[in-house]
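The file protein_29.pdb comes next; it holds PDB, C-alpha atoms, pLDDT in the B column.
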ATOM      1  CA  MET A   1     -14.142  -4.482  22.348  1.00 59.00           C
ATOM      2  CA  ALA A   2     -14.957  -1.892  19.740  1.00 60.00           C
ATOM      3  CA  THR A   3     -13.507  -2.318  16.285  1.00 66.00           C
ATOM      4  CA  ARG A   4     -12.177   0.554  14.317  1.00 70.00           C
ATOM      5  CA  SER A   5     -13.720   1.113  10.953  1.00 68.00           C
ATOM      6  CA  LYS A   6     -11.337   1.532   8.088  1.00 69.00           C
ATOM      7  CA  PRO A   7     -11.418   4.839   6.220  1.00 64.00           C
ATOM      8  CA  ALA A   8     -13.334   4.759   2.964  1.00 59.00           C
ATOM      9  CA  PRO A   9     -11.267   4.249  -0.177  1.00 62.00           C
ATOM     10  CA  LEU A  10     -10.197   7.407  -1.951  1.00 62.00           C
ATOM     11  CA  LEU A  11     -12.753   6.973  -4.747  1.00 65.00           C
ATOM     12  CA  PHE A  12     -15.726   6.897  -2.368  1.00 64.00           C
ATOM     13  CA  ARG A  13     -14.926   9.774  -0.060  1.00 66.00           C
ATOM     14  CA  PRO A  14     -17.424  12.600  -0.323  1.00 66.00           C
ATOM     15  CA  LEU A  15     -16.294  15.593  -2.297  1.00 64.00           C
ATOM     16  CA  PRO A  16     -16.045  18.979  -0.618  1.00 68.00           C
ATOM     17  CA  ARG A  17     -19.242  21.001  -1.011  1.00 68.00           C
ATOM     18  CA  GLY A  18     -17.731  23.480  -3.476  1.00 71.00           C
ATOM     19  CA  SER A  19     -16.463  20.821  -5.855  1.00 81.00           C
ATOM     20  CA  ARG A  20     -19.814  18.998  -5.747  1.00 82.00           C
ATOM     21  CA  LEU A  21     -21.552  22.207  -6.794  1.00 86.00           C
ATOM     22  CA  LEU A  22     -19.048  22.701  -9.611  1.00 89.00           C
ATOM     23  CA  LYS A  23     -19.536  19.099 -10.740  1.00 90.00           C
ATOM     24  CA  HIS A  24     -23.305  19.515 -10.827  1.00 90.00           C
ATOM     25  CA  LEU A  25     -23.068  22.800 -12.714  1.00 92.00           C
ATOM     26  CA  LEU A  26     -20.796  21.155 -15.296  1.00 94.00           C
ATOM     27  CA  LEU A  27     -23.189  18.235 -15.664  1.00 95.00           C
ATOM     28  CA  ILE A  28     -26.141  20.596 -16.152  1.00 96.00           C
ATOM     29  CA  GLY A  29     -24.153  22.571 -18.713  1.00 95.00           C
ATOM     30  CA  PHE A  30     -23.206  19.445 -20.676  1.00 96.00           C
ATOM     31  CA  GLY A  31     -26.807  18.253 -20.456  1.00 95.00           C
ATOM     32  CA  LEU A  32     -28.032  21.504 -22.002  1.00 92.00           C
ATOM     33  CA  VAL A  33     -25.430  21.210 -24.766  1.00 94.00           C
ATOM     34  CA  MET A  34     -26.705  17.697 -25.500  1.00 96.00           C
ATOM     35  CA  LEU A  35     -30.343  18.853 -25.487  1.00 95.00           C
ATOM     36  CA  TYR A  36     -29.768  21.815 -27.809  1.00 93.00           C
ATOM     37  CA  PRO A  37     -30.229  19.858 -31.094  1.00 93.00           C
ATOM     38  CA  LEU A  38     -33.538  18.467 -29.838  1.00 94.00           C
ATOM     39  CA  LEU A  39     -34.701  21.913 -28.731  1.00 92.00           C
ATOM     40  CA  TRP A  40     -33.637  23.371 -32.094  1.00 92.00           C
ATOM     41  CA  MET A  41     -35.580  20.676 -33.950  1.00 93.00           C
ATOM     42  CA  VAL A  42     -38.762  21.346 -31.964  1.00 93.00           C
ATOM     43  CA  SER A  43     -38.304  25.094 -32.390  1.00 92.00           C
ATOM     44  CA  SER A  44     -37.731  24.719 -36.135  1.00 92.00           C
ATOM     45  CA  SER A  45     -40.836  22.591 -36.513  1.00 92.00           C
ATOM     46  CA  LEU A  46     -42.894  25.504 -35.189  1.00 92.00           C
ATOM     47  CA  LYS A  47     -41.380  28.093 -37.585  1.00 91.00           C
ATOM     48  CA  PRO A  48     -42.427  28.812 -41.162  1.00 90.00           C
ATOM     49  CA  GLU A  49     -40.071  27.114 -43.616  1.00 87.00           C
ATOM     50  CA  ASP A  50     -38.385  30.322 -44.789  1.00 87.00           C
ATOM     51  CA  LEU A  51     -37.442  31.343 -41.213  1.00 88.00           C
ATOM     52  CA  ILE A  52     -35.802  28.103 -40.085  1.00 87.00           C
ATOM     53  CA  PHE A  53     -32.253  29.047 -41.053  1.00 88.00           C
ATOM     54  CA  ARG A  54     -32.698  32.842 -40.946  1.00 88.00           C
ATOM     55  CA  GLU A  55     -33.462  33.120 -37.223  1.00 84.00           C
ATOM     56  CA  PRO A  56     -30.600  31.865 -35.058  1.00 81.00           C
ATOM     57  CA  GLY A  57     -32.529  31.669 -31.778  1.00 83.00           C
ATOM     58  CA  LEU A  58     -34.693  28.935 -30.395  1.00 87.00           C
ATOM     59  CA  TRP A  59     -37.755  31.115 -29.847  1.00 88.00           C
ATOM     60  CA  PRO A  60     -39.630  31.533 -33.153  1.00 85.00           C
ATOM     61  CA  SER A  61     -40.866  34.994 -34.090  1.00 86.00           C
ATOM     62  CA  ALA A  62     -43.784  33.448 -35.991  1.00 87.00           C
ATOM     63  CA  PHE A  63     -45.488  30.228 -34.911  1.00 87.00           C
ATOM     64  CA  THR A  64     -47.116  27.815 -37.325  1.00 90.00           C
ATOM     65  CA  LEU A  65     -48.486  24.290 -37.025  1.00 91.00           C
ATOM     66  CA  GLU A  66     -48.705  23.901 -40.803  1.00 91.00           C
ATOM     67  CA  ASN A  67     -45.498  21.825 -40.855  1.00 90.00           C
ATOM     68  CA  TYR A  68     -47.226  19.097 -38.833  1.00 92.00           C
ATOM     69  CA  SER A  69     -50.247  18.903 -41.121  1.00 90.00           C
ATOM     70  CA  GLU A  70     -47.976  18.812 -44.183  1.00 90.00           C
ATOM     71  CA  GLY A  71     -45.816  16.109 -42.611  1.00 88.00           C
ATOM     72  CA  TRP A  72     -48.866  14.029 -41.718  1.00 91.00           C
ATOM     73  CA  SER A  73     -49.957  13.792 -45.352  1.00 90.00           C
ATOM     74  CA  ALA A  74     -46.664  14.255 -47.254  1.00 90.00           C
ATOM     75  CA  LEU A  75     -46.254  10.631 -48.365  1.00 91.00           C
ATOM     76  CA  LYS A  76     -48.365   8.327 -50.519  1.00 91.00           C
ATOM     77  CA  HIS A  77     -50.517   7.348 -47.526  1.00 92.00           C
ATOM     78  CA  SER A  78     -51.193   9.522 -44.503  1.00 91.00           C
ATOM     79  CA  PHE A  79     -49.031   9.055 -41.436  1.00 92.00           C
ATOM     80  CA  GLY A  80     -51.975   7.397 -39.671  1.00 93.00           C
ATOM     81  CA  TYR A  81     -51.740   4.477 -42.115  1.00 94.00           C
ATOM     82  CA  TYR A  82     -48.109   3.861 -41.177  1.00 94.00           C
ATOM     83  CA  LEU A  83     -48.871   4.350 -37.486  1.00 95.00           C
ATOM     84  CA  TRP A  84     -51.646   1.736 -37.655  1.00 96.00           C
ATOM     85  CA  ASN A  85     -49.361  -0.613 -39.604  1.00 93.00           C
ATOM     86  CA  SER A  86     -46.690  -0.308 -36.901  1.00 94.00           C
ATOM     87  CA  ALA A  87     -49.224  -0.864 -34.110  1.00 96.00           C
ATOM     88  CA  VAL A  88     -50.585  -4.054 -35.723  1.00 94.00           C
ATOM     89  CA  LEU A  89     -47.093  -5.364 -36.422  1.00 93.00           C
ATOM     90  CA  THR A  90     -45.963  -4.608 -32.876  1.00 93.00           C
ATOM     91  CA  ALA A  91     -49.019  -6.243 -31.316  1.00 94.00           C
ATOM     92  CA  LEU A  92     -48.624  -9.398 -33.405  1.00 92.00           C
ATOM     93  CA  THR A  93     -44.900  -9.738 -32.719  1.00 91.00           C
ATOM     94  CA  VAL A  94     -45.311  -9.159 -28.977  1.00 92.00           C
ATOM     95  CA  VAL A  95     -48.047 -11.788 -28.712  1.00 92.00           C
ATOM     96  CA  ALA A  96     -46.071 -14.224 -30.852  1.00 91.00           C
ATOM     97  CA  ASN A  97     -42.893 -13.678 -28.851  1.00 89.00           C
ATOM     98  CA  LEU A  98     -44.680 -14.081 -25.522  1.00 91.00           C
ATOM     99  CA  VAL A  99     -46.338 -17.337 -26.563  1.00 91.00           C
ATOM    100  CA  ALA A 100     -43.334 -18.967 -28.221  1.00 90.00           C
ATOM    101  CA  CYS A 101     -40.697 -17.889 -25.722  1.00 88.00           C
ATOM    102  CA  SER A 102     -42.900 -18.801 -22.746  1.00 91.00           C
ATOM    103  CA  LEU A 103     -43.382 -22.301 -24.137  1.00 91.00           C
ATOM    104  CA  ALA A 104     -39.650 -22.685 -24.787  1.00 89.00           C
ATOM    105  CA  ALA A 105     -38.779 -21.351 -21.336  1.00 91.00           C
ATOM    106  CA  TYR A 106     -41.227 -23.732 -19.675  1.00 94.00           C
ATOM    107  CA  ALA A 107     -39.793 -26.681 -21.574  1.00 93.00           C
ATOM    108  CA  PHE A 108     -36.230 -25.864 -20.569  1.00 93.00           C
ATOM    109  CA  ALA A 109     -37.111 -25.049 -16.970  1.00 94.00           C
ATOM    110  CA  ARG A 110     -39.527 -27.852 -16.074  1.00 95.00           C
ATOM    111  CA  LEU A 111     -39.254 -30.739 -18.517  1.00 94.00           C
ATOM    112  CA  ASN A 112     -36.562 -33.362 -18.795  1.00 94.00           C
ATOM    113  CA  PHE A 113     -35.797 -34.525 -22.312  1.00 93.00           C
ATOM    114  CA  PRO A 114     -32.804 -36.056 -24.094  1.00 94.00           C
ATOM    115  CA  LEU A 115     -29.941 -33.672 -24.934  1.00 94.00           C
ATOM    116  CA  LYS A 116     -31.606 -30.840 -22.989  1.00 95.00           C
ATOM    117  CA  LYS A 117     -28.272 -29.158 -22.195  1.00 94.00           C
ATOM    118  CA  LEU A 118     -27.138 -29.378 -25.812  1.00 95.00           C
ATOM    119  CA  TRP A 119     -30.382 -27.849 -27.102  1.00 93.00           C
ATOM    120  CA  PHE A 120     -30.182 -25.106 -24.480  1.00 93.00           C
ATOM    121  CA  ALA A 121     -26.576 -24.331 -25.472  1.00 94.00           C
ATOM    122  CA  LEU A 122     -27.588 -24.222 -29.152  1.00 91.00           C
ATOM    123  CA  MET A 123     -30.449 -21.867 -28.327  1.00 88.00           C
ATOM    124  CA  LEU A 124     -28.154 -19.563 -26.347  1.00 89.00           C
ATOM    125  CA  GLY A 125     -25.572 -19.676 -29.127  1.00 90.00           C
ATOM    126  CA  SER A 126     -28.162 -18.691 -31.727  1.00 86.00           C
ATOM    127  CA  ILE A 127     -29.346 -15.809 -29.546  1.00 85.00           C
ATOM    128  CA  MET A 128     -25.775 -14.544 -29.202  1.00 89.00           C
ATOM    129  CA  LEU A 129     -25.192 -14.422 -32.953  1.00 88.00           C
ATOM    130  CA  PRO A 130     -25.072 -10.858 -34.240  1.00 89.00           C
ATOM    131  CA  TYR A 131     -28.014  -9.888 -36.406  1.00 86.00           C
ATOM    132  CA  HIS A 132     -25.670  -9.104 -39.301  1.00 90.00           C
ATOM    133  CA  VAL A 133     -24.595 -12.737 -39.492  1.00 90.00           C
ATOM    134  CA  THR A 134     -28.137 -14.030 -39.942  1.00 87.00           C
ATOM    135  CA  VAL A 135     -29.583 -11.389 -42.251  1.00 90.00           C
ATOM    136  CA  VAL A 136     -28.391 -12.869 -45.566  1.00 93.00           C
ATOM    137  CA  PRO A 137     -29.471 -16.474 -44.824  1.00 91.00           C
ATOM    138  CA  GLN A 138     -32.838 -15.187 -43.614  1.00 90.00           C
ATOM    139  CA  TYR A 139     -33.250 -13.162 -46.779  1.00 94.00           C
ATOM    140  CA  ILE A 140     -32.510 -16.220 -48.910  1.00 96.00           C
ATOM    141  CA  VAL A 141     -35.070 -18.306 -47.001  1.00 94.00           C
ATOM    142  CA  PHE A 142     -37.721 -15.584 -47.217  1.00 95.00           C
ATOM    143  CA  SER A 143     -37.007 -15.125 -50.909  1.00 96.00           C
ATOM    144  CA  LYS A 144     -37.475 -18.860 -51.579  1.00 97.00           C
ATOM    145  CA  LEU A 145     -40.754 -18.714 -49.640  1.00 95.00           C
ATOM    146  CA  ASP A 146     -41.769 -15.695 -51.798  1.00 96.00           C
ATOM    147  CA  TRP A 147     -42.205 -13.563 -48.677  1.00 95.00           C
ATOM    148  CA  ILE A 148     -40.213 -10.537 -49.832  1.00 95.00           C
ATOM    149  CA  ASN A 149     -42.183  -7.274 -49.414  1.00 93.00           C
ATOM    150  CA  THR A 150     -44.777  -8.941 -47.177  1.00 92.00           C
ATOM    151  CA  ILE A 151     -45.446  -8.789 -43.463  1.00 90.00           C
ATOM    152  CA  TRP A 152     -44.707 -12.505 -42.919  1.00 92.00           C
ATOM    153  CA  PRO A 153     -40.920 -12.288 -42.356  1.00 92.00           C
ATOM    154  CA  LEU A 154     -41.576  -9.838 -39.548  1.00 89.00           C
ATOM    155  CA  ILE A 155     -44.146 -11.987 -37.737  1.00 88.00           C
ATOM    156  CA  VAL A 156     -43.600 -15.710 -38.431  1.00 90.00           C
ATOM    157  CA  PRO A 157     -40.077 -15.947 -36.910  1.00 87.00           C
ATOM    158  CA  LYS A 158     -41.471 -14.554 -33.668  1.00 85.00           C
ATOM    159  CA  PHE A 159     -43.860 -17.537 -33.458  1.00 85.00           C
ATOM    160  CA  LEU A 160     -40.805 -19.790 -33.704  1.00 83.00           C
ATOM    161  CA  ALA A 161     -39.101 -18.283 -30.629  1.00 75.00           C
ATOM    162  CA  THR A 162     -36.255 -16.743 -32.609  1.00 76.00           C
ATOM    163  CA  ASP A 163     -35.771 -13.977 -30.016  1.00 69.00           C
ATOM    164  CA  ALA A 164     -34.652 -14.357 -26.434  1.00 55.00           C
TER     165      ALA A 164
END
Just give me the structure of the file as structure tokens.
Amino acid sequence: MATRSKPAPLLFRPLPRGSRLLKHLLLIGFGLVMLYPLLWMVSSSLKPEDLIFREPGLWPSAFTLENYSEGWSALKHSFGYYLWNSAVLTALTVVANLVACSLAAYAFARLNFPLKKLWFALMLGSIMLPYHVTVVPQYIVFSKLDWINTIWPLIVPKFLATDA
């Protein structure tokens, strides 16, 4: 005995071909509207400074790469210094987070210890706290440790499994 299939709900029925085309054209149009500021920024970075607000179009009449060389060395140190600083900081925090969180995850997954469920609930509760709630107490602790304006507050908490 063959069973009849129920018709698909109204939300999941395919749209007629014409309305699908219209929907896609609208999505492409909105996508281009959203991309325009990014395209304008890239276009403006390739124009001389005096032409940025004079020429309304995206295609520059005069190309220059001088803005990039000026931006690379505009601050006290070159941009490479800050790029290297970010790379070192990122590498240290990723390694620290992997080590600490892997050890904590192993302990909760494989080991049995007293009050395991309570400790796990406390850990989850601390992870769910918004960052804004913890920023002032962290600042006070780091200030008492004399770590303000150093790299230590960015790295040491990662070794203590403070992130998920």
Go through the shown structure with the PyMOL selection byres ((chain A and resi 161) around 8) and write out the matching residues as a PDB file with C-alpha atoms, in the coordinates of the input.
ATOM      1  CA  ASN A  97     -42.893 -13.678 -28.851  1.00 89.00           C
ATOM      2  CA  ALA A 100     -43.334 -18.967 -28.221  1.00 90.00           C
ATOM      3  CA  CYS A 101     -40.697 -17.889 -25.722  1.00 88.00           C
ATOM      4  CA  ALA A 104     -39.650 -22.685 -24.787  1.00 89.00           C
ATOM      5  CA  PRO A 157     -40.077 -15.947 -36.910  1.00 87.00           C
ATOM      6  CA  LYS A 158     -41.471 -14.554 -33.668  1.00 85.00           C
ATOM      7  CA  PHE A 159     -43.860 -17.537 -33.458  1.00 85.00           C
ATOM      8  CA  LEU A 160     -40.805 -19.790 -33.704  1.00 83.00           C
ATOM      9  CA  THR A 162     -36.255 -16.743 -32.609  1.00 76.00           C
ATOM     10  CA  ASP A 163     -35.771 -13.977 -30.016  1.00 69.00           C
ATOM     11  CA  ALA A 164     -34.652 -14.357 -26.434  1.00 55.00           C
TER      12      ALA A 164
END
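With atom CA of Tyr82 of chain A on one side and atom CA of Trp152 of chain A on the other, the separation reads 16.8 Å.
The spacing separating atom CA of Thr93 of chain A from atom CA of Tyr139 of chain A amounts to 18.6 Å.
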* Asked: Evaluating the PyMOL selection byres ((chain A and resi 36-44) around 10) on the displayed file yields which residues, as a ChimeraX atom specification?
  -> /A:30-35,45-49,51-53,55-60,63-64,67
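The interatomic distance for the pair atom CA of Ile155 of chain A and atom CA of Ser126 of chain A works out to 18.3 Å.
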* To do: List the neighbours of Gly71 of chain A out to 12 Å using all atoms listed in the file; skip same-chain residues closer than 6 positions along the sequence, and give me the result as a PyMOL selection string.
  => chain A and resi 45+65+77-80
* To do: Do a neighbour search on segment 142-151 of chain A at 12 Å with all atoms listed in the file, toss out local chain neighbours closer than 5 positions, and write the hits as a list of chain:residue names.
  => A:Asn85, A:Ser86, A:Val88, A:Leu89, A:Thr90, A:Leu92, A:Thr93, A:Val135, A:Val136, A:Pro137, A:Val156, A:Pro157
Write the residues you've just listed into a file as an mmCIF file, in the frame of the given file, and include C-alpha atoms for each of them.
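Writing the result to out_34.cif gives the following:
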data_model
loop_
_atom_site.group_PDB
_atom_site.id
_atom_site.type_symbol
_atom_site.label_atom_id
_atom_site.label_comp_id
_atom_site.auth_asym_id
_atom_site.auth_seq_id
_atom_site.Cartn_x
_atom_site.Cartn_y
_atom_site.Cartn_z
ATOM 1 C CA ASN A 85 -49.361 -0.613 -39.604
ATOM 2 C CA SER A 86 -46.690 -0.308 -36.901
ATOM 3 C CA VAL A 88 -50.585 -4.054 -35.723
ATOM 4 C CA LEU A 89 -47.093 -5.364 -36.422
ATOM 5 C CA THR A 90 -45.963 -4.608 -32.876
ATOM 6 C CA LEU A 92 -48.624 -9.398 -33.405
ATOM 7 C CA THR A 93 -44.900 -9.738 -32.719
ATOM 8 C CA VAL A 135 -29.583 -11.389 -42.251
ATOM 9 C CA VAL A 136 -28.391 -12.869 -45.566
ATOM 10 C CA PRO A 137 -29.471 -16.474 -44.824
ATOM 11 C CA VAL A 156 -43.600 -15.710 -38.431
ATOM 12 C CA PRO A 157 -40.077 -15.947 -36.910
#
Mind filling out segment 82-93 of chain A with N, CA and C atoms and sending it as a compact mmCIF listing (two decimals), in the coordinates of the input?
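What landed in rebuild36.txt:
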# COMPACT_ATOMS: atom_id res chain seq x y z
N TYR A 82 -49.37 4.46 -41.62
CA TYR A 82 -48.11 3.86 -41.18
C TYR A 82 -48.11 3.63 -39.67
N LEU A 83 -48.75 4.51 -38.93
CA LEU A 83 -48.87 4.35 -37.49
C LEU A 83 -49.70 3.11 -37.16
N TRP A 84 -50.81 2.91 -37.86
CA TRP A 84 -51.65 1.74 -37.66
C TRP A 84 -50.88 0.46 -38.04
N ASN A 85 -50.17 0.52 -39.16
CA ASN A 85 -49.36 -0.61 -39.60
C ASN A 85 -48.34 -1.00 -38.53
N SER A 86 -47.68 -0.04 -37.95
CA SER A 86 -46.69 -0.31 -36.90
C SER A 86 -47.35 -0.87 -35.66
N ALA A 87 -48.52 -0.37 -35.30
CA ALA A 87 -49.22 -0.86 -34.11
C ALA A 87 -49.64 -2.32 -34.30
N VAL A 88 -50.17 -2.67 -35.46
CA VAL A 88 -50.58 -4.05 -35.72
C VAL A 88 -49.37 -4.97 -35.71
N LEU A 89 -48.31 -4.56 -36.38
CA LEU A 89 -47.09 -5.36 -36.42
C LEU A 89 -46.52 -5.57 -35.02
N THR A 90 -46.48 -4.51 -34.24
CA THR A 90 -45.96 -4.61 -32.88
C THR A 90 -46.82 -5.53 -32.02
N ALA A 91 -48.13 -5.40 -32.11
CA ALA A 91 -49.02 -6.24 -31.32
C ALA A 91 -48.85 -7.72 -31.69
N LEU A 92 -48.78 -8.01 -32.98
CA LEU A 92 -48.62 -9.40 -33.40
C LEU A 92 -47.27 -9.97 -32.97
N THR A 93 -46.21 -9.21 -33.10
CA THR A 93 -44.90 -9.74 -32.72
C THR A 93 -44.77 -9.91 -31.21
